[in-house]
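Peer 1: data_39.cif is the file, holding mmCIF, C-alpha atoms; chains and numbers go by the auth columns:
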data_data
loop_
_atom_site.group_PDB
_atom_site.id
_atom_site.type_symbol
_atom_site.label_atom_id
_atom_site.label_comp_id
_atom_site.label_asym_id
_atom_site.label_seq_id
_atom_site.Cartn_x
_atom_site.Cartn_y
_atom_site.Cartn_z
_atom_site.B_iso_or_equiv
_atom_site.auth_seq_id
_atom_site.auth_asym_id
ATOM 1 C CA MET A 1 30.282 -56.687 83.021 0.00 1087 J
ATOM 2 C CA TYR A 2 28.524 -57.126 86.356 0.00 1088 J
ATOM 3 C CA ALA A 3 28.740 -60.550 87.919 0.00 1089 J
ATOM 4 C CA GLY A 4 26.872 -61.819 90.961 0.00 1090 J
ATOM 5 C CA LEU A 5 26.622 -60.192 94.347 0.00 1091 J
ATOM 6 C CA LYS A 6 28.799 -61.476 97.166 0.00 1092 J
ATOM 7 C CA ASN A 7 25.853 -61.578 99.591 0.00 1093 J
ATOM 8 C CA THR A 8 23.255 -63.365 97.564 0.00 1094 J
ATOM 9 C CA PRO A 9 19.860 -64.713 98.638 0.00 1095 J
ATOM 10 C CA CYS A 10 18.978 -68.374 98.991 0.00 1096 J
ATOM 11 C CA CYS A 11 19.273 -69.890 95.532 0.00 1097 J
ATOM 12 C CA LEU A 12 16.217 -72.081 96.112 0.00 1098 J
ATOM 13 C CA CYS A 13 13.631 -69.731 97.626 0.00 1099 J
ATOM 14 C CA GLY A 14 15.186 -66.263 97.250 0.00 1100 J
ATOM 15 C CA ARG A 15 15.054 -65.501 100.979 0.00 1101 J
ATOM 16 C CA ASP A 16 17.707 -62.946 102.027 0.00 1102 J
ATOM 17 C CA ASP A 17 18.510 -64.583 105.364 0.00 1103 J
ATOM 18 C CA THR A 18 20.970 -67.326 104.420 0.00 1104 J
ATOM 19 C CA HIS A 19 22.393 -70.008 106.669 0.00 1105 J
ATOM 20 C CA THR A 20 24.982 -71.987 104.711 0.00 1106 J
ATOM 21 C CA ARG A 21 26.980 -71.679 101.512 0.00 1107 J
ATOM 22 C CA ILE A 22 28.696 -74.178 99.244 0.00 1108 J
ATOM 23 C CA ALA A 23 30.935 -73.861 96.201 0.00 1109 J
ATOM 24 C CA VAL A 24 30.430 -75.716 92.927 0.00 1110 J
ATOM 25 C CA PRO A 25 32.353 -75.766 89.646 0.00 1111 J
ATOM 26 C CA PRO A 26 31.354 -73.152 87.038 0.00 1112 J
ATOM 27 C CA ARG A 27 30.063 -75.809 84.623 0.00 1113 J
ATOM 28 C CA ALA A 28 27.331 -76.567 87.195 0.00 1114 J
ATOM 29 C CA LEU A 29 25.626 -73.324 86.099 0.00 1115 J
ATOM 30 C CA THR A 30 24.300 -75.267 83.110 0.00 1116 J
ATOM 31 C CA LEU A 31 22.311 -77.476 85.506 0.00 1117 J
ATOM 32 C CA MET A 32 20.553 -74.522 87.166 0.00 1118 J
ATOM 33 C CA LYS A 33 17.432 -72.557 86.312 0.00 1119 J
ATOM 34 C CA ASN A 34 18.323 -69.380 84.377 0.00 1120 J
ATOM 35 C CA GLY A 35 21.891 -70.622 83.934 0.00 1121 J
ATOM 36 C CA GLY A 36 21.732 -70.838 80.141 0.00 1122 J
ATOM 37 C CA PRO A 37 22.676 -67.219 79.377 0.00 1123 J
ATOM 38 C CA ILE A 38 25.722 -67.323 81.685 0.00 1124 J
ATOM 39 C CA SER A 39 28.938 -68.374 79.997 0.00 1125 J
ATOM 40 C CA TRP A 40 30.387 -70.818 82.525 0.00 1126 J
ATOM 41 C CA ARG A 41 33.705 -70.755 80.649 0.00 1127 J
ATOM 42 C CA ASP A 42 34.103 -67.080 81.587 0.00 1128 J
ATOM 43 C CA VAL A 43 33.690 -67.718 85.312 0.00 1129 J
ATOM 44 C CA VAL A 44 36.846 -67.286 87.347 0.00 1130 J
ATOM 45 C CA GLY A 45 36.952 -69.608 90.351 0.00 1131 J
ATOM 46 C CA THR A 46 34.008 -71.399 91.890 0.00 1132 J
ATOM 47 C CA VAL A 47 30.327 -70.492 91.947 0.00 1133 J
ATOM 48 C CA THR A 48 28.934 -69.926 95.442 0.00 1134 J
ATOM 49 C CA LEU A 49 25.417 -71.017 96.350 0.00 1135 J
ATOM 50 C CA ARG A 50 23.718 -69.889 99.543 0.00 1136 J
ATOM 51 C CA PHE A 51 20.805 -71.570 101.287 0.00 1137 J
ATOM 52 C CA CYS A 52 18.424 -70.450 104.028 0.00 1138 J
ATOM 53 C CA ALA A 53 18.135 -72.677 107.116 0.00 1139 J
ATOM 54 C CA ASP A 54 14.955 -74.414 105.913 0.00 1140 J
ATOM 55 C CA ASP A 55 16.315 -75.114 102.445 0.00 1141 J
ATOM 56 C CA TRP A 56 19.681 -76.199 103.852 0.00 1142 J
ATOM 57 C CA GLU A 57 17.910 -78.952 105.761 0.00 1143 J
ATOM 58 C CA LEU A 58 16.314 -80.133 102.493 0.00 1144 J
ATOM 59 C CA VAL A 59 19.605 -79.906 100.558 0.00 1145 J
ATOM 60 C CA SER A 60 21.392 -81.811 103.302 0.00 1146 J
ATOM 61 C CA ASP A 61 18.768 -84.565 103.262 0.00 1147 J
ATOM 62 C CA LEU A 62 18.876 -84.813 99.463 0.00 1148 J
ATOM 63 C CA ALA A 63 22.653 -85.094 99.411 0.00 1149 J
ATOM 64 C CA ILE A 64 23.243 -87.339 102.398 0.00 1150 J
ATOM 65 C CA GLU A 65 20.137 -89.517 102.375 0.00 1151 J
ATOM 66 C CA MET A 66 19.417 -89.705 98.630 0.00 1152 J
ATOM 67 C CA ASP A 67 22.897 -89.022 97.165 0.00 1153 J
ATOM 68 C CA VAL A 68 21.607 -86.385 94.712 0.00 1154 J
ATOM 69 C CA HIS A 69 22.140 -82.676 94.129 0.00 1155 J
ATOM 70 C CA PRO A 70 19.503 -79.884 94.122 0.00 1156 J
ATOM 71 C CA LEU A 71 21.061 -77.814 91.344 0.00 1157 J
ATOM 72 C CA SER A 72 18.137 -78.110 88.924 0.00 1158 J
ATOM 73 C CA ARG A 73 16.012 -76.222 91.456 0.00 1159 J
ATOM 74 C CA CYS A 74 18.630 -73.533 92.157 0.00 1160 J
ATOM 75 C CA ASN A 75 18.282 -70.150 90.469 0.00 1161 J
ATOM 76 C CA ALA A 76 21.530 -69.116 88.775 0.00 1162 J
ATOM 77 C CA ALA A 77 20.457 -65.481 89.191 0.00 1163 J
ATOM 78 C CA HIS A 78 21.043 -65.922 92.937 0.00 1164 J
ATOM 79 C CA VAL A 79 24.623 -67.195 92.865 0.00 1165 J
ATOM 80 C CA SER A 80 27.857 -65.396 93.552 0.00 1166 J
ATOM 81 C CA LEU A 81 30.499 -65.571 90.831 0.00 1167 J
ATOM 82 C CA ASP A 82 33.248 -63.589 89.164 0.00 1168 J
ATOM 83 C CA LEU A 83 33.300 -63.264 85.402 0.00 1169 J
ATOM 84 C CA ARG A 84 36.576 -63.095 83.523 0.00 1170 J
ATOM 85 C CA GLU A 85 35.694 -59.718 81.988 0.00 1171 J
ATOM 86 C CA ASP A 86 35.655 -58.174 85.452 0.00 1172 J
ATOM 87 C CA HIS A 87 39.285 -59.149 85.915 0.00 1173 J
ATOM 88 C CA GLU A 88 40.250 -57.981 82.430 0.00 1174 J
ATOM 89 C CA ALA A 89 38.684 -54.579 83.046 0.00 1175 J
ATOM 90 C CA LEU A 90 40.443 -54.260 86.390 0.00 1176 J
ATOM 91 C CA LEU A 91 43.849 -55.279 85.061 0.00 1177 J
ATOM 92 C CA SER A 92 43.496 -53.808 81.549 0.00 1178 J
ATOM 93 C CA ALA A 93 44.704 -57.131 80.214 0.00 1179 J
ATOM 94 C CA VAL A 94 43.208 -59.851 78.066 0.00 1180 J
ATOM 95 C CA LYS A 95 43.516 -63.462 79.151 0.00 1181 J
ATOM 96 C CA GLY A 96 43.171 -66.588 77.083 0.00 1182 J
ATOM 97 C CA GLU A 97 40.088 -68.795 77.365 0.00 1183 J
ATOM 98 C CA THR A 98 39.685 -70.036 80.916 0.00 1184 J
ATOM 99 C CA ASP A 99 40.484 -73.729 81.295 0.00 1185 J
ATOM 100 C CA GLN A 100 38.106 -75.126 83.914 0.00 1186 J
ATOM 101 C CA THR A 101 39.559 -78.660 83.926 0.00 1187 J
ATOM 102 C CA GLU A 102 42.133 -77.911 86.645 0.00 1188 J
ATOM 103 C CA LEU A 103 39.502 -76.357 88.900 0.00 1189 J
ATOM 104 C CA GLU A 104 37.119 -79.256 88.313 0.00 1190 J
ATOM 105 C CA ALA A 105 39.872 -81.799 89.024 0.00 1191 J
ATOM 106 C CA ARG A 106 40.819 -79.986 92.242 0.00 1192 J
ATOM 107 C CA LEU A 107 37.202 -79.801 93.409 0.00 1193 J
ATOM 108 C CA GLU A 108 36.771 -83.505 92.607 0.00 1194 J
ATOM 109 C CA ARG A 109 39.897 -84.451 94.596 0.00 1195 J
ATOM 110 C CA GLU A 110 38.816 -82.320 97.560 0.00 1196 J
ATOM 111 C CA ALA A 111 35.304 -83.805 97.471 0.00 1197 J
ATOM 112 C CA GLU A 112 36.627 -87.375 97.355 0.00 1198 J
ATOM 113 C CA SER A 113 38.995 -86.588 100.225 0.00 1199 J
ATOM 114 C CA THR A 114 36.102 -85.196 102.261 0.00 1200 J
ATOM 115 C CA LEU A 115 33.990 -88.288 101.649 0.00 1201 J
ATOM 116 C CA ASP A 116 36.940 -90.526 102.569 0.00 1202 J
ATOM 117 C CA ALA A 117 37.086 -88.688 105.925 0.00 1203 J
ATOM 118 C CA VAL A 118 33.330 -88.742 106.554 0.00 1204 J
ATOM 119 C CA ASP A 119 33.837 -90.608 109.856 0.00 1205 J
ATOM 120 C CA ASP A 120 36.421 -88.097 111.086 0.00 1206 J
ATOM 121 C CA PRO A 121 34.897 -86.012 113.903 0.00 1207 J
ATOM 122 C CA TYR A 122 36.337 -82.856 112.325 0.00 1208 J
ATOM 123 C CA THR A 123 34.504 -83.383 109.025 0.00 1209 J
ATOM 124 C CA GLU A 124 31.471 -81.124 109.051 0.00 1210 J
ATOM 125 C CA GLU A 125 28.099 -81.978 107.525 0.00 1211 J
ATOM 126 C CA ARG A 126 28.368 -78.904 105.269 0.00 1212 J
ATOM 127 C CA ASP A 127 31.584 -80.259 103.778 0.00 1213 J
ATOM 128 C CA VAL A 128 29.993 -83.660 103.136 0.00 1214 J
ATOM 129 C CA VAL A 129 26.972 -82.081 101.453 0.00 1215 J
ATOM 130 C CA GLU A 130 29.207 -79.857 99.305 0.00 1216 J
ATOM 131 C CA ALA A 131 31.309 -82.880 98.299 0.00 1217 J
ATOM 132 C CA ILE A 132 28.256 -84.890 97.270 0.00 1218 J
ATOM 133 C CA VAL A 133 26.783 -81.988 95.296 0.00 1219 J
ATOM 134 C CA VAL A 134 30.083 -81.385 93.482 0.00 1220 J
ATOM 135 C CA LEU A 135 30.617 -85.057 92.611 0.00 1221 J
ATOM 136 C CA ARG A 136 27.039 -85.694 91.478 0.00 1222 J
ATOM 137 C CA ALA A 137 27.071 -82.516 89.373 0.00 1223 J
ATOM 138 C CA LEU A 138 30.348 -83.531 87.697 0.00 1224 J
ATOM 139 C CA GLU A 139 28.880 -86.966 87.002 0.00 1225 J
ATOM 140 C CA GLU A 140 25.720 -85.504 85.466 0.00 1226 J
ATOM 141 C CA LEU A 141 27.822 -83.189 83.317 0.00 1227 J
ATOM 142 C CA GLY A 142 29.882 -86.130 82.040 0.00 1228 J
ATOM 143 C CA VAL A 143 33.112 -84.854 83.572 0.00 1229 J
ATOM 144 C CA ARG A 144 33.366 -87.723 86.046 0.00 1230 J
ATOM 145 C CA ASP A 145 32.393 -91.385 85.823 0.00 1231 J
ATOM 146 C CA PRO A 146 29.660 -92.468 88.258 0.00 1232 J
ATOM 147 C CA PRO A 147 30.922 -94.719 91.078 0.00 1233 J
ATOM 148 C CA GLY A 148 30.872 -98.412 90.287 0.00 1234 J
ATOM 149 C CA ASP A 149 31.206 -97.902 86.527 0.00 1235 J
ATOM 150 C CA PRO A 150 33.977 -99.843 84.873 0.00 1236 J
ATOM 151 C CA VAL A 151 36.902 -97.720 83.837 0.00 1237 J
ATOM 152 C CA ALA A 152 37.277 -97.479 80.083 0.00 1238 J
ATOM 153 C CA PRO A 153 40.688 -98.560 78.740 0.00 1239 J
#
What is this structure when it is put down as structure tokens?

Peer 2:
Amino acid sequence: MYAGLKNTPCCLCGRDDTHTRIAVPPRALTLMKNGGPISWRDVVGTVTLRFCADDWELVSDLAIEMDVHPLSRCNAAHVSLDLREDHEALLSAVKGETDQTELEARLEREAESTLDAVDDPYTEERDVVEAIVVLRALEELGVRDPPGDPVAP
């Protein structure tokens, strides 16, 4: 089965000239426009979103200034991803159901680490935006508790 292209257009406006890309967990597809028909459990690895320069400025402002993600406005038809069937066809092997929890936990740890180093001069704005988008998406999906919530026993 065909997955997404590697050089995809801006997921917000569809413009071919992209400026910046970020990676989100496969489950985030369910938050995007046209993401319903895509089986996020069959995605291998992360989902890559690309943004044009104008939209990147908006995404950056949303994430950094408002602490929210733009995924509901992103078109899942314009993302880059690999579906499990592609790998099975290539290797002539059948894998078990993909467990996304390890990937989500890794992305969460990396995002938290990035936000902990936000004052480090080597931490780029792109990394901060990606971290915020990943964490807010995981919170909205119920995979992660929002900050400040009491931990359940």

Peer 1: Using only C-alpha atoms for the distances, tell me which of J:Val1110, J:Arg1127, J:Thr1187, J:Tyr1208 is nearest to His1155 in chain J.

Peer 2: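 Of the candidates, the smallest distance to His1155 in chain J is held by J:Val1110.
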
Peer 1: Adding 3 Å on each side of the box along x, y and z that holds all listed atoms of range 1110-1116 of chain J, could you give its centre and edge lengths in Å to one decimal, as JSON?

Peer 2:
{"center_x": 28.3, "center_y": -74.9, "center_z": 88.0, "size_x": 14.1, "size_y": 9.4, "size_z": 15.8}

Peer 1: What is the CA of Glu1198 in chain J-CA of Thr1134 in chain J distance in Å, reported with one decimal?

Peer 2: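 These atoms are spaced 19.2 Å apart.
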
Peer 1: Compare J:Thr1116, J:Thr1106, J:Ser1125, J:Thr1132 by their minimum atom-to-atom distance to Val1145 in chain J, counting only C-alpha atoms, and give me the closest one.

Peer 2: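 With only C-alpha atoms as the atom set, the closest residue is J:Thr1106.
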
Peer 1: Between CA of Leu1157 in chain J and CA of Val1219 in chain J, what is the spacing in Å?

Peer 2: 8.1 Å

Peer 1: Find the spatial neighbours of range 1158-1167 of chain J, counting all atoms listed in the file, within a cut-off of 10 Å - ignore same-chain residues fewer than 2 positions away - and output them as a ChimeraX atom specification.

Peer 2: /J:1088-1100,1109,1112,1114-1124,1126,1129-1137,1155-1156,1169-1170,1223

Peer 1: So what do you get for CA of Leu1221 in chain J versus CA of Asp1140 in chain J, distance-wise?

Peer 2: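 Here the two named atoms are 23.1 Å from each other.
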
Peer 1: Nearest residue to Val1220 in chain J out of J:Val1154, J:Asp1168, J:Asp1205, J:Glu1143, using all atoms listed in the file?

Peer 2: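 Selected residue with least distance to Val1220 in chain J: J:Val1154.
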